[in-house]
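Trainee: Input start.cif, format and content: mmCIF, C-alpha atoms.
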data_work
#
loop_
_atom_site.group_PDB
_atom_site.id
_atom_site.type_symbol
_atom_site.label_atom_id
_atom_site.label_comp_id
_atom_site.auth_asym_id
_atom_site.auth_seq_id
_atom_site.Cartn_x
_atom_site.Cartn_y
_atom_site.Cartn_z
ATOM 1 C CA MET A 278 105.756 127.128 61.188
ATOM 2 C CA LEU A 279 108.803 127.175 58.879
ATOM 3 C CA THR A 280 111.179 127.348 61.849
ATOM 4 C CA GLY A 281 109.517 124.333 63.438
ATOM 5 C CA ILE A 282 109.579 122.294 60.247
ATOM 6 C CA LEU A 283 113.257 123.114 59.633
ATOM 7 C CA ALA A 284 114.108 122.173 63.233
ATOM 8 C CA ILE A 285 112.331 118.815 62.857
ATOM 9 C CA VAL A 286 114.155 118.089 59.590
ATOM 10 C CA LEU A 287 117.567 118.889 61.099
ATOM 11 C CA LEU A 288 116.882 116.889 64.269
ATOM 12 C CA LEU A 289 115.751 113.869 62.222
ATOM 13 C CA LEU A 290 118.778 114.175 59.939
ATOM 14 C CA ASN A 291 121.082 114.313 62.973
ATOM 15 C CA THR A 292 119.418 111.193 64.387
ATOM 16 C CA LEU A 293 119.487 109.208 61.136
ATOM 17 C CA VAL A 294 123.158 110.015 60.478
ATOM 18 C CA LEU A 295 124.385 109.014 63.937
ATOM 19 C CA ILE A 296 122.135 106.071 64.834
ATOM 20 C CA GLY A 297 123.840 103.860 62.241
ATOM 21 C CA PRO A 298 127.370 104.156 63.686
ATOM 22 C CA MET A 299 125.934 103.839 67.195
ATOM 23 C CA LEU A 300 124.190 100.549 66.417
ATOM 24 C CA LEU A 301 127.238 99.231 64.548
ATOM 25 C CA VAL A 302 129.497 99.805 67.564
ATOM 26 C CA ALA A 303 126.834 98.308 69.853
ATOM 27 C CA LEU A 304 126.745 95.158 67.717
ATOM 28 C CA LEU A 305 130.548 94.969 67.864
ATOM 29 C CA LYS A 306 130.298 95.130 71.649
ATOM 30 C CA LEU A 307 127.934 92.177 71.525
ATOM 31 C CA VAL A 308 130.320 89.958 69.556
ATOM 32 C CA LEU A 309 133.790 91.110 70.617
ATOM 33 C CA PRO A 310 135.419 89.035 73.383
ATOM 34 C CA GLY A 311 136.972 90.539 76.486
ATOM 35 C CA ALA A 312 135.808 93.150 78.992
ATOM 36 C CA LYS A 313 138.299 95.752 77.768
ATOM 37 C CA ALA A 314 136.943 95.685 74.200
ATOM 38 C CA LYS A 315 133.350 95.873 75.461
ATOM 39 C CA ARG A 316 134.181 98.871 77.672
ATOM 40 C CA ALA A 317 135.809 100.607 74.691
ATOM 41 C CA CYS A 318 132.670 100.007 72.616
ATOM 42 C CA SER A 319 130.449 101.342 75.407
ATOM 43 C CA ALA A 320 132.585 104.486 75.651
ATOM 44 C CA THR A 321 132.330 104.970 71.879
ATOM 45 C CA VAL A 322 128.547 104.606 71.939
ATOM 46 C CA MET A 323 128.329 107.188 74.732
ATOM 47 C CA GLY A 324 130.579 109.530 72.752
ATOM 48 C CA ILE A 325 128.284 109.257 69.720
ATOM 49 C CA ALA A 326 125.244 109.945 71.910
ATOM 50 C CA GLU A 327 126.917 113.004 73.428
ATOM 51 C CA SER A 328 127.777 114.278 69.942
ATOM 52 C CA TRP A 329 124.150 113.770 68.890
ATOM 53 C CA ALA A 330 122.973 115.755 71.927
ATOM 54 C CA GLU A 331 125.516 118.530 71.313
ATOM 55 C CA ILE A 332 124.372 118.875 67.697
ATOM 56 C CA CYS A 333 120.751 119.058 68.923
ATOM 57 C CA LYS A 334 121.800 121.894 71.225
ATOM 58 C CA GLY A 335 123.393 123.622 68.242
ATOM 59 C CA ILE A 336 120.187 123.287 66.214
ATOM 60 C CA PHE A 337 118.151 124.902 68.991
ATOM 61 C CA ALA A 338 120.739 127.683 69.362
ATOM 62 C CA LEU A 339 120.712 128.348 65.612
ATOM 63 C CA LEU A 340 116.963 128.356 65.041
ATOM 64 C CA THR A 341 115.251 129.358 68.289
ATOM 65 C CA PRO A 342 115.515 132.353 70.645
ATOM 66 C CA THR A 343 115.243 130.228 73.813
ATOM 67 C CA HIS A 344 117.478 131.398 76.649
ATOM 68 C CA TRP A 345 118.565 128.391 78.722
ATOM 69 C CA ASP A 346 119.251 129.706 82.222
ATOM 70 C CA ILE A 347 121.292 126.837 83.707
ATOM 71 C CA ARG A 348 122.300 127.146 87.366
ATOM 72 C CA GLY A 349 124.383 125.007 89.709
ATOM 73 C CA VAL A 350 126.319 122.849 87.212
ATOM 74 C CA GLU A 351 129.754 124.428 87.605
ATOM 75 C CA SER A 352 131.187 121.704 89.846
ATOM 76 C CA LEU A 353 129.691 118.667 88.066
ATOM 77 C CA ARG A 354 132.092 115.979 86.850
ATOM 78 C CA LYS A 355 132.117 113.193 84.268
ATOM 79 C CA ASP A 356 134.032 110.769 86.490
ATOM 80 C CA THR A 357 131.355 110.348 89.163
ATOM 81 C CA SER A 358 127.824 108.892 89.319
ATOM 82 C CA TYR A 359 124.628 110.843 89.915
ATOM 83 C CA LEU A 360 120.952 110.238 90.564
ATOM 84 C CA VAL A 361 118.919 113.043 88.971
ATOM 85 C CA VAL A 362 115.427 113.742 90.314
ATOM 86 C CA SER A 363 113.344 116.377 88.561
ATOM 87 C CA ASN A 364 109.856 117.778 88.297
ATOM 88 C CA HIS A 365 108.145 116.988 84.998
ATOM 89 C CA GLN A 366 105.812 119.313 83.079
ATOM 90 C CA SER A 367 106.535 118.946 79.372
ATOM 91 C CA TRP A 368 108.567 117.129 76.706
ATOM 92 C CA VAL A 369 110.673 120.317 76.769
ATOM 93 C CA ASP A 370 112.057 119.034 80.086
ATOM 94 C CA ILE A 371 114.189 116.514 78.147
ATOM 95 C CA PRO A 372 116.029 119.126 76.020
ATOM 96 C CA ALA A 373 116.387 121.142 79.224
ATOM 97 C CA LEU A 374 118.218 118.236 80.887
ATOM 98 C CA VAL A 375 120.391 117.852 77.778
ATOM 99 C CA GLN A 376 121.275 121.550 77.948
ATOM 100 C CA ALA A 377 122.180 121.222 81.621
ATOM 101 C CA PHE A 378 124.130 117.950 81.690
ATOM 102 C CA ASN A 379 125.494 116.940 78.293
ATOM 103 C CA ARG A 380 129.300 116.640 78.483
ATOM 104 C CA LYS A 381 129.206 117.841 82.098
ATOM 105 C CA THR A 382 128.156 114.507 83.623
ATOM 106 C CA PRO A 383 128.146 110.922 82.288
ATOM 107 C CA TYR A 384 125.529 110.609 79.548
ATOM 108 C CA PHE A 385 122.229 110.196 81.359
ATOM 109 C CA LYS A 386 120.092 107.074 81.380
ATOM 110 C CA PHE A 387 116.463 106.375 82.173
ATOM 111 C CA PHE A 388 114.947 103.254 83.688
ATOM 112 C CA LEU A 389 112.610 101.946 80.990
ATOM 113 C CA LYS A 390 109.789 99.438 80.915
ATOM 114 C CA LYS A 391 110.974 96.158 79.429
ATOM 115 C CA GLU A 392 108.371 96.335 76.635
ATOM 116 C CA LEU A 393 110.014 99.454 75.140
ATOM 117 C CA ILE A 394 112.896 97.392 73.763
ATOM 118 C CA TRP A 395 110.509 96.307 70.954
ATOM 119 C CA VAL A 396 109.794 99.878 69.761
ATOM 120 C CA PRO A 397 111.276 100.165 66.217
ATOM 121 C CA PHE A 398 114.645 101.976 66.131
ATOM 122 C CA LEU A 399 114.165 103.528 69.587
ATOM 123 C CA GLY A 400 114.376 100.133 71.278
ATOM 124 C CA LEU A 401 117.678 99.424 69.514
ATOM 125 C CA ALA A 402 119.013 102.844 70.508
ATOM 126 C CA PHE A 403 118.010 102.283 74.142
ATOM 127 C CA TRP A 404 119.723 98.889 74.075
ATOM 128 C CA ALA A 405 122.877 100.360 72.487
ATOM 129 C CA LEU A 406 123.007 103.034 75.193
ATOM 130 C CA ASP A 407 122.771 100.402 77.957
ATOM 131 C CA TYR A 408 119.519 101.823 79.293
ATOM 132 C CA PRO A 409 118.339 99.484 82.069
ATOM 133 C CA PHE A 410 115.081 97.734 81.190
ATOM 134 C CA MET A 411 113.058 97.120 84.319
ATOM 135 C CA LYS A 412 110.136 94.849 85.129
ATOM 136 C CA ARG A 413 107.758 96.002 87.841
ATOM 137 C CA TYR A 414 105.054 93.818 89.376
ATOM 138 C CA SER A 415 102.009 95.450 90.947
ATOM 139 C CA LYS A 416 100.904 94.622 94.482
ATOM 140 C CA ALA A 417 97.795 92.948 93.069
ATOM 141 C CA PHE A 418 99.901 90.762 90.745
ATOM 142 C CA LEU A 419 102.272 89.764 93.559
ATOM 143 C CA LYS A 420 99.323 88.900 95.775
ATOM 144 C CA LYS A 421 98.228 86.365 93.162
ATOM 145 C CA ASN A 422 101.815 85.243 92.416
ATOM 146 C CA PRO A 423 103.717 85.476 95.728
ATOM 147 C CA HIS A 424 106.537 83.253 94.370
ATOM 148 C CA LEU A 425 107.593 86.161 92.100
ATOM 149 C CA LYS A 426 108.099 88.578 94.991
ATOM 150 C CA GLY A 427 111.478 90.308 94.715
ATOM 151 C CA GLN A 428 112.173 89.070 91.184
ATOM 152 C CA ASP A 429 111.438 92.466 89.590
ATOM 153 C CA LEU A 430 114.188 94.044 91.704
ATOM 154 C CA ASP A 431 116.569 91.178 90.920
ATOM 155 C CA ILE A 432 115.935 91.654 87.178
ATOM 156 C CA THR A 433 116.662 95.370 87.428
ATOM 157 C CA ARG A 434 119.764 94.811 89.550
ATOM 158 C CA ARG A 435 121.125 92.430 86.920
ATOM 159 C CA ALA A 436 120.395 95.033 84.240
ATOM 160 C CA CYS A 437 122.402 97.554 86.270
ATOM 161 C CA GLU A 438 125.432 95.287 86.760
ATOM 162 C CA LYS A 439 127.048 96.833 83.680
ATOM 163 C CA PHE A 440 127.184 100.151 85.613
ATOM 164 C CA GLN A 441 129.337 98.749 88.402
ATOM 165 C CA GLY A 442 132.632 100.593 88.525
ATOM 166 C CA ILE A 443 131.809 103.091 85.753
ATOM 167 C CA PRO A 444 130.310 106.602 86.048
ATOM 168 C CA VAL A 445 126.614 106.885 85.268
ATOM 169 C CA THR A 446 123.836 109.483 85.506
ATOM 170 C CA VAL A 447 120.352 108.057 86.125
ATOM 171 C CA VAL A 448 117.283 110.274 85.683
ATOM 172 C CA ASN A 449 114.072 109.717 87.639
ATOM 173 C CA PHE A 450 110.888 111.808 87.357
ATOM 174 C CA LEU A 451 109.351 111.204 90.784
ATOM 175 C CA GLU A 452 105.883 112.366 89.757
ATOM 176 C CA GLY A 453 105.691 109.533 87.237
ATOM 177 C CA THR A 454 103.821 111.659 84.691
ATOM 178 C CA ARG A 455 103.735 115.195 83.355
ATOM 179 C CA PHE A 456 102.105 117.876 85.515
ATOM 180 C CA THR A 457 98.744 119.249 84.369
ATOM 181 C CA PRO A 458 96.168 121.257 86.333
ATOM 182 C CA ALA A 459 93.656 118.434 85.835
ATOM 183 C CA LYS A 460 96.016 115.807 87.297
ATOM 184 C CA HIS A 461 96.898 118.185 90.130
ATOM 185 C CA ALA A 462 93.234 118.636 91.016
ATOM 186 C CA ALA A 463 92.414 114.930 90.685
ATOM 187 C CA GLN A 464 95.260 114.017 93.051
ATOM 188 C CA GLN A 465 94.363 116.784 95.512
ATOM 189 C CA SER A 466 98.111 117.350 95.624
ATOM 190 C CA PRO A 467 99.347 119.168 98.732
ATOM 191 C CA TYR A 468 101.907 121.015 96.572
ATOM 192 C CA ARG A 469 101.135 124.181 94.608
ATOM 193 C CA ASN A 470 103.295 123.394 91.591
ATOM 194 C CA LEU A 471 103.876 119.646 91.732
ATOM 195 C CA LEU A 472 102.085 116.321 91.627
ATOM 196 C CA LYS A 473 102.538 113.876 94.466
ATOM 197 C CA PRO A 474 105.946 112.154 94.202
ATOM 198 C CA LYS A 475 106.209 108.372 94.068
ATOM 199 C CA ALA A 476 108.662 107.390 96.754
ATOM 200 C CA GLY A 477 108.541 103.728 95.729
ATOM 201 C CA GLY A 478 110.041 104.514 92.331
ATOM 202 C CA VAL A 479 113.118 106.258 93.679
ATOM 203 C CA ALA A 480 113.493 103.593 96.384
ATOM 204 C CA PHE A 481 113.501 100.976 93.615
ATOM 205 C CA VAL A 482 116.276 102.854 91.737
ATOM 206 C CA LEU A 483 118.345 103.258 94.911
ATOM 207 C CA ALA A 484 117.947 99.585 95.774
ATOM 208 C CA ALA A 485 118.998 98.550 92.260
ATOM 209 C CA LEU A 486 122.073 100.775 92.030
ATOM 210 C CA GLY A 487 123.029 101.012 95.704
ATOM 211 C CA ASP A 488 126.424 102.505 96.460
ATOM 212 C CA ASN A 489 127.264 102.921 92.751
ATOM 213 C CA LEU A 490 125.699 106.396 93.054
ATOM 214 C CA ASP A 491 127.758 109.211 94.575
ATOM 215 C CA ALA A 492 125.378 112.176 94.785
ATOM 216 C CA LEU A 493 121.838 113.392 94.180
ATOM 217 C CA LEU A 494 121.190 116.151 91.627
ATOM 218 C CA ASP A 495 117.928 117.832 92.621
ATOM 219 C CA VAL A 496 116.738 119.495 89.393
ATOM 220 C CA THR A 497 113.964 122.081 89.190
ATOM 221 C CA VAL A 498 112.764 123.072 85.709
ATOM 222 C CA VAL A 499 110.746 126.300 85.517
ATOM 223 C CA TYR A 500 109.055 128.073 82.613
ATOM 224 C CA PRO A 501 108.825 131.652 83.897
ATOM 225 C CA ASP A 502 106.429 132.872 81.195
ATOM 226 C CA GLY A 503 103.613 131.281 83.190
ATOM 227 C CA LYS A 504 102.655 128.760 80.504
ATOM 228 C CA THR A 505 103.953 125.217 80.154
ATOM 229 C CA PRO A 506 105.193 124.893 76.559
ATOM 230 C CA GLY A 507 104.836 121.891 74.291
ATOM 231 C CA PHE A 508 107.670 120.494 72.193
ATOM 232 C CA TRP A 509 106.295 122.210 69.076
ATOM 233 C CA ASP A 510 106.415 125.537 70.935
ATOM 234 C CA LEU A 511 110.133 124.979 71.495
ATOM 235 C CA LEU A 512 110.786 123.948 67.880
ATOM 236 C CA SER A 513 108.871 126.899 66.455
ATOM 237 C CA GLY A 514 110.672 129.483 68.608
ATOM 238 C CA LYS A 515 107.857 130.329 71.030
ATOM 239 C CA VAL A 516 109.753 129.506 74.252
ATOM 240 C CA GLN A 517 111.652 132.560 75.426
ATOM 241 C CA LYS A 518 113.276 131.250 78.600
ATOM 242 C CA VAL A 519 113.781 128.022 80.533
ATOM 243 C CA ILE A 520 115.312 127.919 84.012
ATOM 244 C CA VAL A 521 117.104 124.740 85.110
ATOM 245 C CA ASP A 522 118.152 124.950 88.755
ATOM 246 C CA VAL A 523 120.482 122.148 89.937
ATOM 247 C CA ARG A 524 121.355 121.421 93.556
ATOM 248 C CA THR A 525 123.914 118.756 94.456
ATOM 249 C CA CYS A 526 123.091 116.810 97.638
ATOM 250 C CA PRO A 527 124.771 113.839 99.337
ATOM 251 C CA LEU A 528 123.153 110.410 99.101
ATOM 252 C CA GLU A 529 123.253 108.796 102.514
ATOM 253 C CA PRO A 530 123.716 104.991 102.669
ATOM 254 C CA ARG A 531 120.580 104.695 104.830
ATOM 255 C CA LEU A 532 118.523 105.444 101.701
ATOM 256 C CA TRP A 533 119.207 102.083 100.052
ATOM 257 C CA ARG A 534 120.200 99.722 102.841
ATOM 258 C CA SER A 535 116.770 98.192 103.453
ATOM 259 C CA ASP A 536 113.647 96.786 101.775
ATOM 260 C CA TYR A 537 111.036 99.406 100.852
ATOM 261 C CA GLN A 538 108.222 96.888 100.417
ATOM 262 C CA ASP A 539 108.712 94.824 103.553
ATOM 263 C CA ASP A 540 110.229 97.289 106.038
ATOM 264 C CA PRO A 541 107.530 99.777 107.167
ATOM 265 C CA VAL A 542 109.990 101.887 109.183
ATOM 266 C CA PHE A 543 112.310 102.251 106.187
ATOM 267 C CA ARG A 544 109.335 102.928 103.901
ATOM 268 C CA GLU A 545 108.186 105.783 106.133
ATOM 269 C CA GLU A 546 111.739 107.156 106.238
ATOM 270 C CA ILE A 547 112.001 107.224 102.418
ATOM 271 C CA GLN A 548 108.556 108.801 102.092
ATOM 272 C CA GLN A 549 109.517 111.507 104.582
ATOM 273 C CA TRP A 550 112.779 112.196 102.732
ATOM 274 C CA VAL A 551 110.947 112.518 99.395
ATOM 275 C CA SER A 552 108.225 114.688 100.969
ATOM 276 C CA GLU A 553 110.781 117.138 102.342
ATOM 277 C CA LEU A 554 112.567 117.217 98.987
ATOM 278 C CA TRP A 555 109.288 118.033 97.240
ATOM 279 C CA GLN A 556 108.285 120.722 99.771
ATOM 280 C CA GLN A 557 111.574 122.510 99.152
ATOM 281 C CA LYS A 558 111.169 122.158 95.380
ATOM 282 C CA ASP A 559 107.624 123.521 95.508
ATOM 283 C CA ALA A 560 108.823 126.671 97.290
ATOM 284 C CA ARG A 561 111.805 126.973 94.934
ATOM 285 C CA ILE A 562 109.525 126.937 91.874
ATOM 286 C CA ASP A 563 107.578 129.931 93.244
ATOM 287 C CA VAL A 564 110.803 131.881 93.824
ATOM 288 C CA LEU A 565 112.366 130.966 90.455
ATOM 289 C CA ARG A 566 109.170 131.757 88.565
ATOM 290 C CA LEU A 567 108.895 135.167 90.245
ATOM 291 C CA ARG A 568 112.534 136.044 89.620
ATOM 292 C CA GLY A 569 112.299 134.784 86.053
ATOM 293 C CA GLU A 570 109.323 137.066 85.402
ATOM 294 C CA LEU A 571 111.225 140.030 86.814
ATOM 295 C CA GLN A 572 114.340 139.268 84.745
ATOM 296 C CA ARG A 573 113.025 138.370 81.294
ATOM 297 C CA PRO A 574 115.721 137.992 78.620
ATOM 298 C CA GLN A 575 115.882 140.888 76.148
#
Could you render the structure from this file as structure tokens?
Mentor:
Amino acid sequence: MLTGILAIVLLLLNTLVLIGPMLLVALLKLVLPGAKAKRACSATVMGIAESWAEICKGIFALLTPTHWDIRGVESLRKDTSYLVVSNHQSWVDIPALVQAFNRKTPYFKFFLKKELIWVPFLGLAFWALDYPFMKRYSKAFLKKNPHLKGQDLDITRRACEKFQGIPVTVVNFLEGTRFTPAKHAAQQSPYRNLLKPKAGGVAFVLAALGDNLDALLDVTVVYPDGKTPGFWDLLSGKVQKVIVDVRTCPLEPRLWRSDYQDDPVFREEIQQWVSELWQQKDARIDVLRLRGELQRPQ
């Protein structure tokens, strides 16, 4: 209990100290003229965010016994752009991604719903970090408003224009929600360890960013103790080991050169690609979990 409370206090203190300078530089970027000055401000904001993440890593290292078993990140670079796809089981997945990628790749970004910009403090931080705010229309909504077809993708593409020509790491959880046994059963998922992936989501990201992405990072997060931990478990020192397995794969141009909604052949191709990716990940989780059980940290 005391460890968890101390961790929360230090994490909050780290956030409160650094969010002020981050927002100040972001406001300067808004008012300063010239692309060069704006790029310098963006780089400064990213540097502050990376420092925040590195301090968070230090807090976990100081207070918790968690062994972060990170694999496959040796050749990653900060001067190239990545699309990260990962399974999703817990809020602990986010610190796991920080452990794996901070200061090894460009600071990662998530596609966020447009409404999140109004969340106090967090919305400002997301804006300062240039997180792309997206607007998605459902099929039912578009059926009633056909004149808006394609506008959600145009909005997201415009939000991503700031990434053109600069390195970026974009994270996408294909399952769309955290894995639970209840969700797994309700979906009748064909995978042992995963929910059904949403191919439309990754197709949307690929269409928005196009050839600005250089490679796919296929991330598999495994908790070998056999129990999915909560964030409080991590803070209070109850998570002994986390495995983060990273595989770098090429992104072929065929994956973003067509319209997912209106091209049934392309849609089937993307769905097949995602299905194969998920089948491999499902098998990899079994292997990593078994090996993790056999090689528990002392």
Trainee: Could you tell me which residues the PyMOL selection byres ((chain A and resi 510) around 12) returns for this structure, as a list in words?
Mentor: Met278, Thr280, Gly281, Ile282, Ala284, Phe337, Thr341, Pro342, Thr343, Ser367, Trp368, Val369, Lys504, Thr505, Pro506, Gly507, Phe508, Trp509, Leu511, Leu512, Ser513, Gly514, Lys515, Val516, Gln517 and Lys518 of chain A
Trainee: Counting all atoms listed in the file, which residues of range 501-568 of chain A sit at most 10 Å from some atom of range 376-386 of chain A, and what is each one's closest atom pair with its distance in Å to one decimal, listed by chain and rising residue number, as CSV?
Mentor:
residue,atom,partner,partner_atom,distance
A:Ile520,CA,A:Ala377,CA,9.9
A:Val521,CA,A:Ala377,CA,7.1
A:Asp522,CA,A:Ala377,CA,9.0
A:Val523,CA,A:Ala377,CA,8.5
Trainee: Show which residues sit within 6 Å of range 351-365 of chain A, as a ChimeraX atom specification. Count all atoms listed in the file, and ignore same-chain residues fewer than 2 positions away.
Mentor: /A:349,381-383,444-450,455,490-497
Trainee: Which residue, A:Ile394, A:Leu406, A:Ala484, A:Val308, has the smallest gap to Ile325 in chain A when you use all atoms listed in the file?
Mentor: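 That would be A:Leu406, the residue with the smallest distance to Ile325 in chain A.
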Trainee: Would you mind listing what lies within 8 Å of Ala326 in chain A as a list of chain:residue names, with only C-alpha atoms counted and same-chain residues fewer than 2 positions away left out?
Mentor: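 Everything that qualifies: A:Met299, A:Val322, A:Met323, A:Gly324, A:Ser328, A:Trp329, A:Ala330, A:Tyr384, A:Leu406.
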Trainee: Would you mind reading off the distance between CA of Asp370 in chain A and CA of Val498 in chain A, one decimal, in Å?
Mentor: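 That distance, rounded to one decimal, is 7.0 Å.
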Trainee: Can you tell me which residues surround Pro501 in chain A at a distance of at most 8 Å, considering all atoms listed in the file, apart from same-chain residues fewer than 2 positions away, and format the answer as a list in words?
Mentor: Val499, Gly503, Lys504, Lys518, Val519, Ile520, Leu565, Arg566, Leu567, Gly569 and Glu570 of chain A
Trainee: Of the candidates A:Ile285, A:Leu374, A:Val396, A:Leu401, which shows the shortest atom-to-atom distance to Leu300 in chain A, using all atoms listed in the file?
Mentor: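 That would be A:Leu401, the residue with the smallest distance to Leu300 in chain A.
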Trainee: Work out how far apart CA of Phe410 in chain A and CA of Asp536 in chain A are and give it in Å to one decimal.
Mentor: 20.7 Å
Trainee: Which residue out of A:Leu287, A:Leu305, A:Ser319, A:Lys558 has the minimum interatomic distance to Ile336 in chain A when all atoms listed in the file are used?
Mentor: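 Closest to Ile336 in chain A, using all atoms listed in the file: A:Leu287.
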Trainee: Expressed in Å to a single decimal, how great is the separation between CA of Leu399 in chain A and CA of Val375 in chain A?
Mentor: 17.6 Å
Trainee: For range 347-360 of chain A, what centre and edge lengths in Å (one decimal) does the axis-aligned box get once 5 Å is added on each side of all its listed atoms, as AutoDock Vina command-line options?
Mentor:
--center_x 127.5 --center_y 118.0 --center_z 87.1 --size_x 23.1 --size_y 28.3 --size_z 16.9
Trainee: Starting from the sparse input, extend range 534-541 of chain A to all heavy atoms and give the output as a compact mmCIF listing (two decimals), keeping the file's coordinate frame.
Mentor:
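Produced file out-v4.txt, reproduced below:
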# COMPACT_ATOMS: atom_id res chain seq x y z
N ARG A 534 119.73 100.88 102.09
CA ARG A 534 120.20 99.72 102.84
C ARG A 534 119.09 98.88 103.44
O ARG A 534 119.30 98.14 104.39
CB ARG A 534 121.16 100.20 103.95
CG ARG A 534 122.44 100.81 103.41
CD ARG A 534 123.40 99.76 102.90
NE ARG A 534 124.55 100.31 102.21
CZ ARG A 534 125.65 100.72 102.81
NH1 ARG A 534 125.75 100.66 104.11
NH2 ARG A 534 126.66 101.20 102.10
N SER A 535 117.85 99.00 102.92
CA SER A 535 116.77 98.19 103.45
C SER A 535 115.75 97.93 102.36
O SER A 535 115.91 98.34 101.22
CB SER A 535 116.12 98.89 104.66
OG SER A 535 115.25 98.01 105.33
N ASP A 536 114.66 97.23 102.72
CA ASP A 536 113.65 96.79 101.78
C ASP A 536 112.43 97.69 101.89
O ASP A 536 111.73 97.70 102.90
CB ASP A 536 113.27 95.34 102.08
CG ASP A 536 112.33 94.74 101.03
OD1 ASP A 536 111.63 95.52 100.35
OD2 ASP A 536 112.32 93.52 100.89
N TYR A 537 112.14 98.45 100.82
CA TYR A 537 111.04 99.41 100.85
C TYR A 537 109.69 98.71 101.02
O TYR A 537 108.82 99.19 101.74
CB TYR A 537 111.05 100.23 99.55
CG TYR A 537 109.98 101.30 99.50
CD1 TYR A 537 110.19 102.54 100.08
CD2 TYR A 537 108.77 101.07 98.86
CE1 TYR A 537 109.23 103.53 100.02
CE2 TYR A 537 107.79 102.05 98.79
CZ TYR A 537 108.03 103.28 99.38
OH TYR A 537 107.06 104.25 99.32
N GLN A 538 109.52 97.56 100.37
CA GLN A 538 108.22 96.89 100.42
C GLN A 538 107.94 96.24 101.76
O GLN A 538 106.82 96.28 102.26
CB GLN A 538 108.14 95.82 99.32
CG GLN A 538 107.89 96.39 97.93
CD GLN A 538 107.56 95.30 96.92
OE1 GLN A 538 107.99 94.16 97.07
NE2 GLN A 538 106.81 95.63 95.89
N ASP A 539 108.95 95.65 102.37
CA ASP A 539 108.71 94.82 103.55
C ASP A 539 109.13 95.47 104.87
O ASP A 539 108.90 94.89 105.94
CB ASP A 539 109.46 93.49 103.41
CG ASP A 539 108.90 92.65 102.27
OD1 ASP A 539 107.70 92.80 101.97
OD2 ASP A 539 109.67 91.88 101.66
N ASP A 540 109.77 96.63 104.82
CA ASP A 540 110.23 97.29 106.04
C ASP A 540 109.44 98.59 106.21
O ASP A 540 109.75 99.61 105.61
CB ASP A 540 111.73 97.59 105.93
CG ASP A 540 112.31 98.16 107.22
OD1 ASP A 540 111.53 98.68 108.04
OD2 ASP A 540 113.53 98.10 107.41
N PRO A 541 108.38 98.59 107.04
CA PRO A 541 107.53 99.78 107.17
C PRO A 541 108.26 100.99 107.74
O PRO A 541 107.95 102.13 107.38
CB PRO A 541 106.40 99.31 108.10
CG PRO A 541 106.95 98.11 108.81
CD PRO A 541 107.90 97.47 107.87
